[in-house]
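input35.txt follows; it contains compact mmCIF, C-alpha atoms.
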# COMPACT_ATOMS: atom_id res chain seq x y z
CA MET A 1 163.23 -18.45 97.07
CA GLY A 2 161.67 -16.51 99.92
CA GLU A 3 164.40 -13.92 99.50
CA LEU A 4 163.46 -13.47 95.82
CA ILE A 5 159.75 -13.07 96.60
CA TRP A 6 160.67 -10.48 99.20
CA ILE A 7 162.81 -8.58 96.67
CA PHE A 8 159.94 -8.62 94.17
CA ALA A 9 157.32 -7.43 96.66
CA SER A 10 159.63 -4.78 98.05
CA ALA A 11 160.44 -3.35 94.63
CA SER A 12 156.92 -3.47 93.24
CA VAL A 13 154.70 -2.15 96.02
CA ILE A 14 156.44 -1.46 99.33
CA ASN A 15 159.23 0.69 97.91
CA ASN A 16 157.46 1.53 94.68
CA PHE A 17 159.97 3.31 92.45
CA THR A 18 157.63 6.09 91.43
CA LEU A 19 155.64 6.68 94.56
CA THR A 20 158.29 6.35 97.26
CA TYR A 21 161.60 6.97 95.46
CA PHE A 22 160.24 9.56 93.01
CA LEU A 23 161.97 7.82 90.11
CA GLY A 24 160.53 7.96 86.63
CA LEU A 25 158.26 10.89 87.32
CA CYS A 26 158.58 12.49 83.89
CA PRO A 27 156.57 9.78 82.09
CA PHE A 28 154.37 9.49 85.17
CA PHE A 29 153.17 13.08 84.83
CA GLY A 30 153.88 13.62 81.17
CA VAL A 31 152.25 10.79 79.30
CA SER A 32 150.16 8.73 81.66
CA GLY A 33 146.97 10.23 80.32
CA ARG A 34 145.42 7.09 78.91
CA LEU A 35 145.24 3.60 80.29
CA GLY A 36 146.39 1.75 77.16
CA THR A 37 149.41 4.02 76.74
CA ALA A 38 150.30 3.58 80.39
CA PHE A 39 150.37 -0.21 80.05
CA ARG A 40 152.58 -0.08 76.98
CA LEU A 41 154.92 2.37 78.63
CA GLY A 42 155.12 0.10 81.65
CA LEU A 43 155.90 -2.87 79.41
CA ALA A 44 158.66 -0.97 77.62
CA ASN A 45 160.05 0.13 80.97
CA THR A 46 160.12 -3.42 82.30
CA LEU A 47 161.94 -4.61 79.19
CA VAL A 48 164.59 -1.92 79.54
CA LEU A 49 164.92 -2.57 83.27
CA LEU A 50 165.62 -6.26 82.65
CA VAL A 51 168.28 -5.40 80.07
CA THR A 52 169.76 -2.85 82.47
CA ALA A 53 169.93 -5.34 85.33
CA THR A 54 171.87 -7.77 83.16
CA ALA A 55 174.22 -5.07 81.89
CA THR A 56 174.78 -3.73 85.40
CA TRP A 57 175.59 -7.17 86.73
CA ALA A 58 178.07 -7.78 83.92
CA LEU A 59 179.74 -4.42 84.45
CA ASN A 60 179.95 -4.84 88.20
CA THR A 61 181.33 -8.34 87.98
CA PHE A 62 183.83 -8.05 85.18
CA VAL A 63 184.85 -4.41 84.79
CA LEU A 64 184.13 -2.03 87.62
CA ALA A 65 185.94 -3.91 90.38
CA HIS A 66 189.10 -2.37 88.97
CA ALA A 67 187.83 1.16 88.37
CA PRO A 68 184.95 2.08 90.71
CA TYR A 69 185.11 5.79 89.85
CA LEU A 70 183.98 4.99 86.29
CA ARG A 71 180.74 3.51 87.61
CA LEU A 72 178.28 6.22 86.66
CA ILE A 73 179.78 7.01 83.27
CA SER A 74 179.98 3.38 82.22
CA PHE A 75 176.43 2.66 83.47
CA ILE A 76 175.02 5.51 81.43
CA VAL A 77 176.93 4.72 78.27
CA VAL A 78 176.39 0.97 78.40
CA ILE A 79 172.70 1.29 79.28
CA ALA A 80 172.03 3.85 76.56
CA SER A 81 173.76 1.79 73.88
CA THR A 82 172.19 -1.47 75.04
CA VAL A 83 168.74 0.07 74.87
CA GLN A 84 169.49 1.32 71.39
CA PHE A 85 170.55 -2.20 70.45
CA VAL A 86 167.43 -3.74 71.97
CA GLU A 87 165.38 -1.23 70.03
CA LEU A 88 166.98 -2.38 66.78
CA VAL A 89 166.48 -6.05 67.63
CA VAL A 90 162.83 -5.53 68.56
CA ARG A 91 162.21 -3.57 65.38
CA ARG A 92 163.78 -6.35 63.29
CA TRP A 93 162.20 -9.33 64.98
CA SER A 94 158.84 -8.10 66.12
CA PRO A 95 157.61 -5.02 64.26
CA ARG A 96 154.29 -5.34 66.07
CA LEU A 97 155.87 -5.08 69.50
CA PHE A 98 158.01 -2.22 68.24
CA GLN A 99 154.94 -0.40 67.03
CA ALA A 100 153.20 -1.00 70.33
CA LEU A 101 156.11 0.45 72.31
CA GLY A 102 156.57 3.29 69.86
CA ILE A 103 158.42 6.39 70.92
CA PHE A 104 158.63 5.23 74.53
CA LEU A 105 161.50 2.80 74.04
CA PRO A 106 164.18 5.38 73.11
CA LEU A 107 162.84 7.91 75.61
CA ILE A 108 163.18 5.50 78.48
CA THR A 109 166.96 5.54 78.24
CA THR A 110 167.16 8.79 80.13
CA ASN A 111 164.50 7.78 82.63
CA CYS A 112 165.92 8.13 86.12
CA ALA A 113 164.30 4.84 87.14
CA ILE A 114 166.73 3.01 84.86
CA VAL A 115 169.87 4.59 86.30
CA GLY A 116 168.29 4.31 89.74
CA LEU A 117 167.88 0.57 89.32
CA ALA A 118 171.51 0.18 88.30
CA LEU A 119 172.72 2.19 91.32
CA PHE A 120 170.44 0.51 93.87
CA GLN A 121 171.31 -2.92 92.50
CA THR A 122 175.00 -2.11 92.96
CA ASN A 123 174.55 -0.61 96.42
CA ARG A 124 172.68 -3.69 97.64
CA GLY A 125 175.14 -6.10 96.08
CA TYR A 126 172.55 -8.08 94.14
CA GLY A 127 173.74 -10.92 91.89
CA LEU A 128 172.33 -11.73 88.46
CA VAL A 129 169.17 -13.58 89.56
CA GLU A 130 168.40 -11.15 92.36
CA GLY A 131 169.02 -8.26 89.99
CA LEU A 132 166.62 -9.66 87.40
CA VAL A 133 163.90 -10.24 90.01
CA TYR A 134 164.50 -6.73 91.34
CA ALA A 135 164.12 -5.34 87.80
CA LEU A 136 160.94 -7.34 87.27
CA GLY A 137 159.50 -6.04 90.52
CA ALA A 138 160.47 -2.46 89.74
CA GLY A 139 158.91 -2.78 86.29
CA ALA A 140 155.70 -4.20 87.75
CA GLY A 141 155.61 -1.35 90.27
CA LEU A 142 156.13 1.29 87.58
CA THR A 143 153.41 -0.25 85.42
CA LEU A 144 151.04 -0.39 88.38
CA ALA A 145 151.65 3.23 89.31
CA LEU A 146 151.33 4.40 85.70
CA ALA A 147 148.10 2.47 85.18
CA ILE A 148 146.47 3.71 88.39
CA MET A 149 147.51 7.26 87.63
CA ALA A 150 146.19 7.03 84.07
CA GLY A 151 142.84 5.79 85.33
CA LEU A 152 142.62 8.58 87.87
CA ARG A 153 143.52 11.18 85.28
CA GLU A 154 140.88 9.89 82.90
CA ARG A 155 138.37 10.52 85.66
CA CYS A 156 139.83 13.94 86.48
CA ALA A 157 139.55 14.98 82.85
CA SER A 158 135.79 14.58 82.90
CA SER A 159 135.11 16.26 86.21
CA ARG A 160 134.88 19.91 87.11
CA VAL A 161 138.11 21.15 88.65
CA PRO A 162 139.00 24.72 89.69
CA ARG A 163 140.89 26.30 86.83
CA LEU A 164 144.07 27.03 88.80
CA VAL A 165 144.46 23.47 90.00
CA GLN A 166 144.05 21.90 86.56
CA GLY A 167 146.91 20.05 84.91
CA THR A 168 150.14 19.28 86.70
CA ALA A 169 149.17 20.61 90.11
CA LEU A 170 146.15 18.32 90.26
CA SER A 171 148.31 15.35 89.21
CA PHE A 172 150.68 16.10 92.06
CA ILE A 173 147.94 16.15 94.66
CA VAL A 174 146.49 12.92 93.27
CA ALA A 175 149.94 11.33 93.26
CA GLY A 176 150.39 12.40 96.87
CA ILE A 177 147.22 10.62 97.92
CA LEU A 178 148.30 7.58 95.90
CA SER A 179 151.67 7.62 97.60
CA LEU A 180 149.91 7.82 100.95
CA ALA A 181 147.92 4.72 100.05
CA PHE A 182 151.05 2.84 99.01
CA MET A 183 152.64 3.57 102.37
CA GLY A 184 150.09 1.15 103.75
CA PHE A 185 152.03 -1.67 102.09
CA ALA A 186 154.98 -0.98 104.36
CA GLY A 187 153.43 -3.13 107.07
CA LEU A 188 152.67 -5.96 104.66
CA PHE A 189 155.57 -8.26 105.53
CA GLY A 190 156.23 -7.12 109.05
CA ALA A 191 159.10 -4.75 108.30
CA ALA A 192 160.00 -2.49 105.41
CA ALA A 193 163.36 -2.98 103.76
CA MET B 1 169.15 34.21 68.19
CA GLU B 2 172.87 34.17 67.42
CA GLN B 3 173.34 37.90 67.87
CA SER B 4 174.97 38.44 71.24
CA GLU B 5 174.72 41.75 73.01
CA PRO B 6 175.88 42.68 76.51
CA GLY B 7 172.40 42.77 78.03
CA ARG B 8 171.48 39.43 76.54
CA ALA B 9 173.44 37.41 79.09
CA TRP B 10 171.59 39.13 81.92
CA VAL B 11 168.27 38.30 80.29
CA GLU B 12 169.27 34.66 79.92
CA LEU B 13 170.36 34.55 83.53
CA ARG B 14 167.21 36.14 84.88
CA LYS B 15 164.70 34.06 82.98
CA GLY B 16 165.56 30.85 84.83
CA LEU B 17 164.84 32.37 88.22
CA TRP B 18 161.11 32.73 87.88
CA ARG B 19 159.59 33.19 84.44
CA ASP B 20 161.02 29.97 83.00
CA ASN B 21 161.72 28.34 86.33
CA PRO B 22 162.73 24.74 85.57
CA VAL B 23 160.58 23.24 88.33
CA PHE B 24 157.54 25.49 88.57
CA VAL B 25 157.05 26.40 84.92
CA ALA B 26 158.66 23.61 82.91
CA VAL B 27 158.12 20.88 85.54
CA LEU B 28 161.53 19.32 84.94
CA GLY B 29 163.94 17.66 87.33
CA LEU B 30 161.21 16.39 89.58
CA CYS B 31 162.97 13.36 91.05
CA PRO B 32 165.46 15.40 93.09
CA ALA B 33 162.91 18.13 93.69
CA MET B 34 160.99 15.74 95.88
CA ALA B 35 163.35 12.97 96.88
CA VAL B 36 165.82 15.11 98.82
CA THR B 37 163.74 18.06 99.96
CA ASN B 38 162.68 16.74 103.35
CA SER B 39 165.02 19.32 104.87
CA LEU B 40 166.20 22.72 103.73
CA ALA B 41 169.88 21.78 104.16
CA ASN B 42 169.56 18.75 101.87
CA ALA B 43 167.70 20.85 99.32
CA LEU B 44 170.46 23.46 99.28
CA VAL B 45 173.23 20.87 98.90
CA MET B 46 171.32 19.23 96.06
CA GLY B 47 170.67 22.59 94.40
CA ALA B 48 174.34 23.56 94.62
CA ALA B 49 175.48 20.21 93.24
CA THR B 50 173.03 20.40 90.34
CA THR B 51 174.00 24.00 89.56
CA PHE B 52 177.67 23.03 89.46
CA VAL B 53 177.00 20.13 87.10
CA LEU B 54 174.75 22.28 84.92
CA VAL B 55 177.23 25.15 84.62
CA GLY B 56 180.21 22.84 84.06
CA SER B 57 178.50 20.78 81.37
CA SER B 58 177.06 23.85 79.66
CA VAL B 59 180.51 25.44 79.39
CA VAL B 60 182.08 22.25 78.00
CA VAL B 61 179.22 21.52 75.61
CA SER B 62 179.16 25.11 74.41
CA LEU B 63 182.91 25.08 73.76
CA LEU B 64 182.66 21.79 71.88
CA ARG B 65 179.49 22.61 70.01
CA LYS B 66 181.21 22.98 66.63
CA LEU B 67 183.04 19.66 67.03
CA ILE B 68 180.14 17.49 68.18
CA PRO B 69 178.50 15.64 65.27
CA TYR B 70 174.74 16.02 65.31
CA GLU B 71 174.01 12.27 65.22
CA VAL B 72 175.89 11.35 68.39
CA ARG B 73 175.27 14.52 70.37
CA THR B 74 173.06 13.01 73.06
CA PRO B 75 175.51 10.28 74.15
CA LEU B 76 178.30 12.87 74.17
CA PHE B 77 176.24 15.27 76.29
CA ILE B 78 175.51 12.46 78.71
CA VAL B 79 179.18 11.54 79.02
CA VAL B 80 180.07 15.17 79.78
CA VAL B 81 177.29 15.41 82.36
CA ALA B 82 178.24 12.07 83.93
CA THR B 83 181.84 13.23 84.28
CA PHE B 84 180.79 16.30 86.25
CA VAL B 85 178.35 14.29 88.36
CA THR B 86 181.08 11.81 89.24
CA SER B 87 183.37 14.62 90.37
CA VAL B 88 180.59 16.16 92.49
CA ASP B 89 179.84 12.75 93.97
CA LEU B 90 183.47 12.17 94.95
CA ALA B 91 183.93 15.75 96.18
CA LEU B 92 180.84 15.60 98.41
CA ALA B 93 181.88 12.22 99.80
CA ALA B 94 185.18 13.80 100.83
CA LEU B 95 183.99 17.23 102.00
CA LEU B 96 180.47 16.70 103.38
CA PRO B 97 180.27 13.00 104.25
CA VAL B 98 177.10 13.43 106.34
CA ALA B 99 175.13 15.18 103.60
CA HIS B 100 176.50 12.72 101.07
CA ARG B 101 175.20 9.78 103.09
CA GLN B 102 171.78 11.41 103.50
CA LEU B 103 171.40 12.19 99.80
CA GLY B 104 172.60 8.68 98.93
CA ALA B 105 172.14 7.58 95.36
CA PHE B 106 170.35 10.80 94.47
CA ILE B 107 173.62 12.67 93.93
CA ALA B 108 174.58 10.12 91.29
CA LEU B 109 171.06 10.40 89.89
CA ILE B 110 171.71 14.04 88.96
CA VAL B 111 172.95 12.48 85.75
CA ALA B 112 169.37 11.51 84.86
CA ASN B 113 167.96 14.95 85.66
CA CYS B 114 166.15 15.87 82.45
CA LEU B 115 166.71 19.56 83.22
CA ILE B 116 170.47 19.26 82.64
CA LEU B 117 170.28 17.27 79.42
CA GLY B 118 167.46 19.53 78.27
CA ARG B 119 169.55 22.68 78.69
CA GLN B 120 172.47 21.12 76.78
CA GLU B 121 170.16 20.19 73.93
CA ALA B 122 168.10 23.36 73.87
CA PHE B 123 170.63 26.02 74.76
CA ALA B 124 174.29 25.22 75.40
CA SER B 125 174.80 23.38 72.11
CA LYS B 126 173.51 26.37 70.15
CA HIS B 127 174.99 29.39 71.92
CA ARG B 128 178.36 30.92 72.80
CA VAL B 129 180.07 30.19 76.09
CA GLY B 130 179.06 33.45 77.72
CA LEU B 131 175.37 33.06 77.06
CA ALA B 132 175.45 29.35 77.85
CA THR B 133 177.08 30.08 81.21
CA ALA B 134 174.52 32.76 82.02
CA ASP B 135 171.66 30.45 81.08
CA ALA B 136 173.11 27.60 83.16
CA ILE B 137 173.66 29.82 86.21
CA GLY B 138 170.12 31.18 85.94
CA MET B 139 168.55 27.75 85.55
CA GLY B 140 170.70 26.34 88.35
CA LEU B 141 169.73 29.17 90.70
CA GLY B 142 166.07 28.81 89.73
CA PHE B 143 166.26 25.09 90.43
CA THR B 144 167.95 25.71 93.79
CA LEU B 145 165.31 28.30 94.64
CA ALA B 146 162.52 25.85 93.86
CA LEU B 147 164.18 23.06 95.89
CA ALA B 148 164.71 25.47 98.79
CA LEU B 149 161.04 26.48 98.72
CA VAL B 150 159.87 22.87 98.79
CA GLY B 151 162.45 22.06 101.46
CA THR B 152 161.35 24.98 103.62
CA VAL B 153 157.68 24.01 103.45
CA ARG B 154 158.39 20.38 104.22
CA GLU B 155 160.86 20.97 107.05
CA LEU B 156 158.69 23.64 108.68
CA LEU B 157 155.50 21.60 108.60
CA GLY B 158 157.06 18.17 109.07
CA GLY B 159 159.51 18.90 111.84
CA GLY B 160 158.78 22.43 113.00
CA THR B 161 162.41 23.34 112.32
CA LEU B 162 164.37 25.30 109.74
CA LEU B 163 167.95 24.22 108.99
CA GLY B 164 167.69 22.20 112.19
CA TRP B 165 166.67 25.15 114.40
CA PRO B 166 163.28 24.92 116.11
CA VAL B 167 160.94 27.60 114.80
CA PHE B 168 157.66 26.94 116.51
CA GLY B 169 157.14 26.60 120.23
CA PRO B 170 157.10 23.27 122.07
CA SER B 171 153.35 23.01 121.59
CA PHE B 172 153.80 22.43 117.84
CA GLU B 173 152.78 18.96 116.76
CA PRO B 174 155.04 17.89 113.85
CA TRP B 175 153.16 16.97 110.70
CA VAL B 176 155.32 13.93 110.01
CA ILE B 177 153.63 13.05 106.73
CA MET B 178 155.29 16.09 105.14
CA LEU B 179 158.71 14.48 105.64
CA LEU B 180 157.55 11.22 104.02
CA PRO B 181 157.16 10.73 100.26
CA PRO B 182 153.49 11.87 100.07
CA GLY B 183 154.49 15.20 101.61
CA GLY B 184 156.79 15.83 98.66
CA PHE B 185 153.91 15.45 96.21
CA PHE B 186 151.59 17.59 98.33
CA SER B 187 154.09 20.43 98.86
CA LEU B 188 155.14 20.66 95.25
CA GLY B 189 151.49 20.48 94.14
CA ALA B 190 150.60 23.31 96.49
CA LEU B 191 153.57 25.38 95.33
CA LEU B 192 152.58 24.80 91.69
CA ILE B 193 149.12 26.16 92.45
CA VAL B 194 150.65 29.23 94.10
CA SER B 195 153.00 29.79 91.17
CA SER B 196 150.19 29.56 88.63
CA MET B 197 148.19 32.01 90.75
CA ILE B 198 151.07 34.46 90.60
CA ALA B 199 151.51 33.89 86.87
CA GLU B 200 147.84 34.51 86.29
CA ARG B 201 147.82 37.72 88.30
CA ARG B 202 150.84 38.93 86.40
CA GLN B 203 149.21 38.08 83.11
CA ARG B 204 146.13 40.01 84.04
CA ARG B 205 148.35 43.02 84.55
CA GLY B 206 149.80 42.34 81.11
CA THR B 207 153.44 42.01 82.14
CA HIS B 208 153.71 38.31 81.55
CA SER B 209 155.67 37.91 78.33
CA ALA B 210 156.74 34.85 76.40
CA GLN B 211 156.52 31.48 78.06
CA TRP B 212 159.00 28.65 77.79
CA ASN B 213 157.11 27.28 74.85
CA ALA B 214 157.19 30.49 72.90
CA GLN B 215 160.92 30.14 72.25
CA GLY B 216 160.37 26.73 70.75
CA ASP B 217 162.92 25.06 72.98
CA ALA B 218 160.66 23.15 75.31
CA PRO B 219 162.62 19.94 75.93
CA GLY B 220 159.99 17.70 77.43
CA PRO B 221 156.34 16.81 77.54
CA LEU B 222 154.74 19.83 79.12
CA ASP B 223 151.24 20.73 80.05
CA LEU B 224 151.44 24.44 79.46
CA SER B 225 148.29 25.32 77.63
CA PRO B 226 147.68 29.04 78.07
CA PRO B 227 145.25 29.69 80.92
CA GLY B 228 142.68 31.11 78.55
CA SER B 229 142.29 27.86 76.63
CA ARG B 230 141.48 25.74 79.68
CA VAL B 231 137.92 24.82 80.33
CA GLY B 232 136.47 25.19 83.78
CA PRO B 233 134.05 27.09 85.93
CA GLU B 234 134.09 30.88 85.73
Now, as a test, write the supplied structure out as structure tokens.
Amino acid sequence: MGELIWIFASASVINNFTLTYFLGLCPFFGVSGRLGTAFRLGLANTLVLLVTATATWALNTFVLAHAPYLRLISFIVVIASTVQFVELVVRRWSPRLFQALGIFLPLITTNCAIVGLALFQTNRGYGLVEGLVYALGAGAGLTLALAIMAGLRERCASSRVPRLVQGTALSFIVAGILSLAFMGFAGLFGAAA
Amino acid sequence: MEQSEPGRAWVELRKGLWRDNPVFVAVLGLCPAMAVTNSLANALVMGAATTFVLVGSSVVVSLLRKLIPYEVRTPLFIVVVATFVTSVDLALAALLPVAHRQLGAFIALIVANCLILGRQEAFASKHRVGLATADAIGMGLGFTLALALVGTVRELLGGGTLLGWPVFGPSFEPWVIMLLPPGGFFSLGALLIVSSMIAERRQRRGTHSAQWNAQGDAPGPLDLSPPGSRVGPE
């Protein structure tokens, strides 16, 4: 149990996917302009991450032991098609959730955080339960980073900023400071993973 | 667009270097641009690997463009890209094991670089092999250039070295934060400011021509409102 809590904390804050591994930066800088959108994007991400963790575990256990060089290709193909399938299921069963997630669900497929999760999960040899907890933590971390960033950008939008720094450059500097703050979590449990 | 002339390839090659630079102008491919640029050597290896994947996939996609059905093009592009990434991954593990270990999972993550998929979608799948190759080489070199710039800044400030050689005297106090994740954000942010300064100066002289957006092939969410439309002091 302690191991699982450690995995969750490590994935969500200490080694935050966005702020220390630089994964999933495109949505981070591209769409995290409003708080509500950021939450929905985070939710969609978490959903896809959970599906990915399950798919990765199944692939690793049953298929890839015999053909390790097919790892990347099969991850990408299986993840992309699973996400497409999940999208269909969500649309059929819960049109409201589908509407809430909107365009983000299909876009997430090519998010590097998703492939990153599959690769890290494999490299660390996580099983199904560990993988799911890892995905949950990563999703929570992404949502947290997106939400904080969206809040900061809402503030930035209403303040006077030198013209050259406006837009992406400002987001980068803000993200840097945020990343600096998250480094403080490294000492949270004694040692960073 | 379809008319190909000899000088066209050169234009396509040159545009990726600066005017439509994938990192500084289009802000694509950010994950590797920051994750592996804590030293110039890593940045160069990453740039070379990405360029190889980009050129290889562009050639294959361009050759197959008449055969690929529109509905399933994205999965097919991804499979082509993933094939090249796997070969780069295996080749690096065999040839440069040290660099491969340092770059870790980020070599495999080239597959998720939106720059590569974006070029397949926006360019390679619509143009002949020659032009597609020129475009891919230009974009790859531009990407490598951007990574090298970030890598230089971070290695110089964070370790006082360049490609492992000490540059400053022994009295230099390394600015370690530049090697850590926040340094990546800071350096790229600073470089973006410099690049928009240069773009603005060029525009004032009237030489700045069409932007990425003007060709209608912008592949991702961009924040590229023309400088004139931004609100601010002055």
_CA of Gly16 (chain B) to CA of Leu64 (chain B), straight-line distance in Å_ =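 Rounded to one decimal, the two atoms are 23.3 Å apart.
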*Hey, can you check how far CA of Ser62 (chain B) sits from CA of Ala132 (chain B)?*
6.6 Å
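For the pair CA of Ile177 (chain B) and CA of Leu19 (chain A), the interatomic distance is 13.9 Å.
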*Excluding Ala136 (chain B) and any residue of its chain fewer than 5 positions from it, enumerate the residues within 9 Å of it, using all atoms listed in the file, and give them as a count of residues only.*
16
_List the spatial neighbours of Phe106 (chain B) as an MDAnalysis selection string - criterion: any atom at most 10 Å away, only C-alpha atoms, same-chain residues fewer than 2 positions off excluded._
(chainID A and resid 21 23 112 116 119) or (chainID B and resid 31:32 35:36 46 89 100:104 108:112)
*Exercise answer, chain A residues close to chain B, 7 Å and only C-alpha atoms, as a PyMOL selection string*: chain A and resi 20-23+25+30+72-73+110-112+115-116+119+160-165+167-170+172-173+175-177+179-180
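Comparing the minimum interatomic distances between Ala48 (chain B) and each of B:Ala94, B:Leu157, B:Val60, B:Leu145, counting only C-alpha atoms, we find that B:Leu145 sits nearest.
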*Tell me which protein, DNA and RNA residues are within 9 Å of Ala150 (chain A), counting only C-alpha atoms, leaving out same-chain ones fewer than 3 positions away, and put them as an NGL selection string.*
:A and (28 or 31-38 or 145-147 or 153-155)
*Which of these residues is nearest to Gln120 (chain B), using all atoms listed in the file: B:Met139, B:Leu95, B:Leu162, B:Val11?*
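Ranking B:Met139, B:Leu95, B:Leu162, B:Val11 by distance to Gln120 (chain B), first place goes to B:Met139.
Neighbours of Pro174 (chain B) closer than or equal to 10 Å, with all atoms listed in the file counted and sequence neighbours fewer than 5 positions away skipped, come out as B:Glu155, B:Leu156, B:Leu157, B:Gly158, B:Gly159, B:Gly160, B:Thr161, B:Phe168, B:Leu179.
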Enclose all atoms of region 119-136 of chain A listed in the file in an axis-aligned box, grow every side by 4 Å, and hand back centre and edge lengths in Å to one decimal, as lines of an AutoDock Vina configuration file.
center_x = 168.0
center_y = -5.7
center_z = 92.5
size_x = 22.2
size_y = 23.8
size_z = 18.4
